[in-house]
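Q: Okay, here's the structure, questions in a sec.
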Amino acid sequence: MQPPYQIDSLNDLKGLRFRATGVAADVMSKLGVRPVSMDLEEIRQAMPAGKLDGFELVGPLVDLHYGLHKIAPYYYFPSYNQPSGLVELVVNREKYEALPTDLQQIVAIAAQAEYEQGFVEANAGNARALQTLIRDYDVQVRQLPPDVMQALGNASGEVIAEMRSRGDRLTKRTIDSFLSTRQVLMQWSQVTEQSYLSARTLPFTYG
């Protein structure tokens, strides 16, 4: 594949050297992609050298900060493998349970507040960064074709099924919980988030 690397159909994924990690790498490999594990600095060197065709990393804010738009002018959406990000606070369980109840609550509330603050800051920062990338650097935002999204979804289902079949009791319980909850939330999301976001795109007039 020769630059610029465009994805117009499912066939364009075959042989693509793509930086991906974890479950995403397993999913991509089912579609003929050649997953590559690289850190940020390796990506910045491999793309210009023609050793890498594409990558997924974090978001526009990080991309703008590190100048990744200079090596990858196309942004494809939606994210199938990481629609959101999570952070966690890891503590020693024995030490935590030894704390008085009020201090335990302080830790829990502080962790929740930090997560919510980081989430809104990331959303605001990514929104502004994407505008800058489009306006000042001619980054092109493109939607993945329907056949690609369908194939990614099917491949994800295969990987999840494989993980469940060879997993331990906790893995199976986790996957079953995820799948059942997904079914419940899909209809609710259509009624709430999807319809709300669709309405937001209407040409409203504000004073």
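Here's how to read the names in the structure tokens: chain A, B, ... by the order shown, residue numbers from 1 in each chain, ligand numbers from 1 in the order shown.
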Can you list, as a PyMOL selection string, every residue of stretch 56-195 of chain A that DSSP puts in helix (DSSP H, G or I)?
A: chain A and resi 60-66+68-70+93-98+101-137+146-166+169-195
Q: Just write the chosen residues, C-alpha atoms, as a JSON list (two decimals), in the first residue's frame.
A:
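Ended up saving to part_21.json:
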```
[["chain", "number", "residue", "atom", "x", "y", "z"],
["A", 60, "PRO", "CA", -6.85, 14.59, 18.80],
["A", 61, "LEU", "CA", -5.43, 16.35, 21.86],
["A", 62, "VAL", "CA", -2.52, 13.93, 22.13],
["A", 63, "ASP", "CA", -2.08, 13.80, 18.35],
["A", 64, "LEU", "CA", -1.85, 17.57, 18.09],
["A", 65, "HIS", "CA", 0.58, 17.84, 21.00],
["A", 66, "TYR", "CA", 2.97, 15.30, 19.51],
["A", 68, "LEU", "CA", 1.08, 13.08, 14.73],
["A", 69, "HIS", "CA", -1.06, 14.89, 12.15],
["A", 70, "LYS", "CA", 2.17, 15.46, 10.21],
["A", 93, "ARG", "CA", -7.11, -3.82, 49.85],
["A", 94, "GLU", "CA", -5.90, -4.66, 53.35],
["A", 95, "LYS", "CA", -4.75, -1.09, 53.99],
["A", 96, "TYR", "CA", -7.94, 0.35, 52.50],
["A", 97, "GLU", "CA", -10.25, -1.84, 54.60],
["A", 98, "ALA", "CA", -8.26, -0.90, 57.71],
["A", 101, "THR", "CA", -15.39, 4.35, 57.04],
["A", 102, "ASP", "CA", -15.25, 8.12, 56.58],
["A", 103, "LEU", "CA", -11.71, 7.95, 55.14],
["A", 104, "GLN", "CA", -12.75, 5.13, 52.81],
["A", 105, "GLN", "CA", -15.54, 7.37, 51.53],
["A", 106, "ILE", "CA", -13.10, 10.24, 51.02],
["A", 107, "VAL", "CA", -10.87, 8.02, 48.88],
["A", 108, "ALA", "CA", -13.84, 6.79, 46.85],
["A", 109, "ILE", "CA", -15.30, 10.27, 46.33],
["A", 110, "ALA", "CA", -11.92, 11.77, 45.42],
["A", 111, "ALA", "CA", -11.29, 9.01, 42.88],
["A", 112, "GLN", "CA", -14.74, 9.53, 41.33],
["A", 113, "ALA", "CA", -14.26, 13.30, 41.19],
["A", 114, "GLU", "CA", -10.85, 12.94, 39.54],
["A", 115, "TYR", "CA", -12.27, 10.57, 36.94],
["A", 116, "GLU", "CA", -15.16, 12.90, 36.10],
["A", 117, "GLN", "CA", -12.86, 15.92, 35.90],
["A", 118, "GLY", "CA", -10.45, 14.10, 33.62],
["A", 119, "PHE", "CA", -13.30, 12.90, 31.43],
["A", 120, "VAL", "CA", -14.78, 16.35, 30.82],
["A", 121, "GLU", "CA", -11.34, 17.91, 30.30],
["A", 122, "ALA", "CA", -10.49, 15.24, 27.72],
["A", 123, "ASN", "CA", -13.78, 15.79, 25.88],
["A", 124, "ALA", "CA", -13.31, 19.55, 25.77],
["A", 125, "GLY", "CA", -9.65, 19.30, 24.83],
["A", 126, "ASN", "CA", -10.23, 16.75, 22.09],
["A", 127, "ALA", "CA", -13.05, 18.82, 20.60],
["A", 128, "ARG", "CA", -10.89, 21.93, 20.38],
["A", 129, "ALA", "CA", -7.87, 20.00, 19.14],
["A", 130, "LEU", "CA", -9.88, 18.37, 16.36],
["A", 131, "GLN", "CA", -11.06, 21.79, 15.19],
["A", 132, "THR", "CA", -7.46, 22.97, 15.11],
["A", 133, "LEU", "CA", -6.30, 19.90, 13.20],
["A", 134, "ILE", "CA", -9.01, 20.39, 10.57],
["A", 135, "ARG", "CA", -8.76, 24.18, 10.30],
["A", 136, "ASP", "CA", -5.00, 24.70, 10.52],
["A", 137, "TYR", "CA", -3.51, 21.44, 9.32],
["A", 146, "PRO", "CA", -20.25, 0.16, 6.47],
["A", 147, "ASP", "CA", -18.64, -3.09, 5.28],
["A", 148, "VAL", "CA", -15.56, -2.35, 7.39],
["A", 149, "MET", "CA", -17.64, -1.62, 10.49],
["A", 150, "GLN", "CA", -19.69, -4.77, 9.96],
["A", 151, "ALA", "CA", -16.57, -6.88, 9.58],
["A", 152, "LEU", "CA", -14.94, -5.33, 12.64],
["A", 153, "GLY", "CA", -18.06, -6.04, 14.67],
["A", 154, "ASN", "CA", -18.25, -9.66, 13.50],
["A", 155, "ALA", "CA", -14.55, -10.19, 14.17],
["A", 156, "SER", "CA", -14.95, -8.68, 17.63],
["A", 157, "GLY", "CA", -17.73, -11.17, 18.32],
["A", 158, "GLU", "CA", -15.48, -14.03, 17.26],
["A", 159, "VAL", "CA", -12.65, -12.86, 19.53],
["A", 160, "ILE", "CA", -15.01, -12.47, 22.48],
["A", 161, "ALA", "CA", -16.42, -15.96, 21.90],
["A", 162, "GLU", "CA", -12.90, -17.39, 21.77],
["A", 163, "MET", "CA", -11.93, -15.60, 24.97],
["A", 164, "ARG", "CA", -15.01, -16.98, 26.69],
["A", 165, "SER", "CA", -14.48, -20.55, 25.52],
["A", 166, "ARG", "CA", -10.93, -20.74, 26.84],
["A", 169, "ARG", "CA", -14.90, -18.75, 35.52],
["A", 170, "LEU", "CA", -14.34, -15.02, 36.12],
["A", 171, "THR", "CA", -13.68, -14.38, 32.43],
["A", 172, "LYS", "CA", -16.89, -16.14, 31.41],
["A", 173, "ARG", "CA", -18.89, -14.32, 34.06],
["A", 174, "THR", "CA", -17.48, -10.97, 32.93],
["A", 175, "ILE", "CA", -18.19, -11.60, 29.25],
["A", 176, "ASP", "CA", -21.72, -12.85, 29.96],
["A", 177, "SER", "CA", -22.39, -9.73, 32.02],
["A", 178, "PHE", "CA", -21.03, -7.52, 29.25],
["A", 179, "LEU", "CA", -23.12, -9.15, 26.53],
["A", 180, "SER", "CA", -26.36, -9.15, 28.50],
["A", 181, "THR", "CA", -25.89, -5.54, 29.57],
["A", 182, "ARG", "CA", -25.13, -4.54, 25.98],
["A", 183, "GLN", "CA", -28.46, -5.93, 24.84],
["A", 184, "VAL", "CA", -30.29, -3.95, 27.52],
["A", 185, "LEU", "CA", -28.47, -0.69, 26.77],
["A", 186, "MET", "CA", -28.70, -0.81, 22.97],
["A", 187, "GLN", "CA", -32.39, 0.11, 22.84],
["A", 188, "TRP", "CA", -32.01, 2.72, 25.57],
["A", 189, "SER", "CA", -29.07, 4.30, 23.72],
["A", 190, "GLN", "CA", -31.15, 4.62, 20.57],
["A", 191, "VAL", "CA", -33.91, 6.38, 22.49],
["A", 192, "THR", "CA", -31.58, 8.70, 24.39],
["A", 193, "GLU", "CA", -27.99, 9.27, 23.22],
["A", 194, "GLN", "CA", -28.41, 8.48, 19.54],
["A", 195, "SER", "CA", -31.58, 10.53, 19.08]]
```
Q: Excluding A:Gln82 and residues on its chain fewer than 3 positions from it, collect all residues at most 9 Å away from it, counting only C-alpha atoms, and give them as a PDB file with C-alpha atoms, in the first residue's frame.
A:
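Everything below was put into result.pdb:
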```pdb
ATOM      1  CA  ALA A  24      -7.862  -4.870  19.039  1.00  0.00           C
ATOM      2  CA  VAL A  58      -5.488   8.223  22.094  1.00  0.00           C
ATOM      3  CA  SER A  79     -13.647   3.967  17.173  1.00  0.00           C
ATOM      4  CA  GLY A  85     -11.330   5.635  28.071  1.00  0.00           C
TER       5      GLY A  85
END
```
Q: What is the distance, in Å and to one decimal place, between atom CA of A:Ile43 and atom CA of A:Leu144?
A: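 Interatomic distance here is 21.8 Å.
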Q: Pick from A:Gln143, A:Thr205, A:Gln45, A:Ser198: nearest to A:Ile7, with only C-alpha atoms counted?
A: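 Looking at the shortest contact to A:Ile7, the residue is A:Gln143.
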Q: Here is a test: counting only C-alpha atoms, which residue of A:Gln140, A:Ser37, A:Asp168, A:Leu86 is nearest to A:Pro73?
A: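 Nearest to A:Pro73: A:Gln140.
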Q: Could you go through stretch 51-127 of chain A and tell me which residues DSSP, when run on the backbone, assigns to strand (DSSP E), listing them as a PyMOL selection string?
A: chain A and resi 54-55+74-77
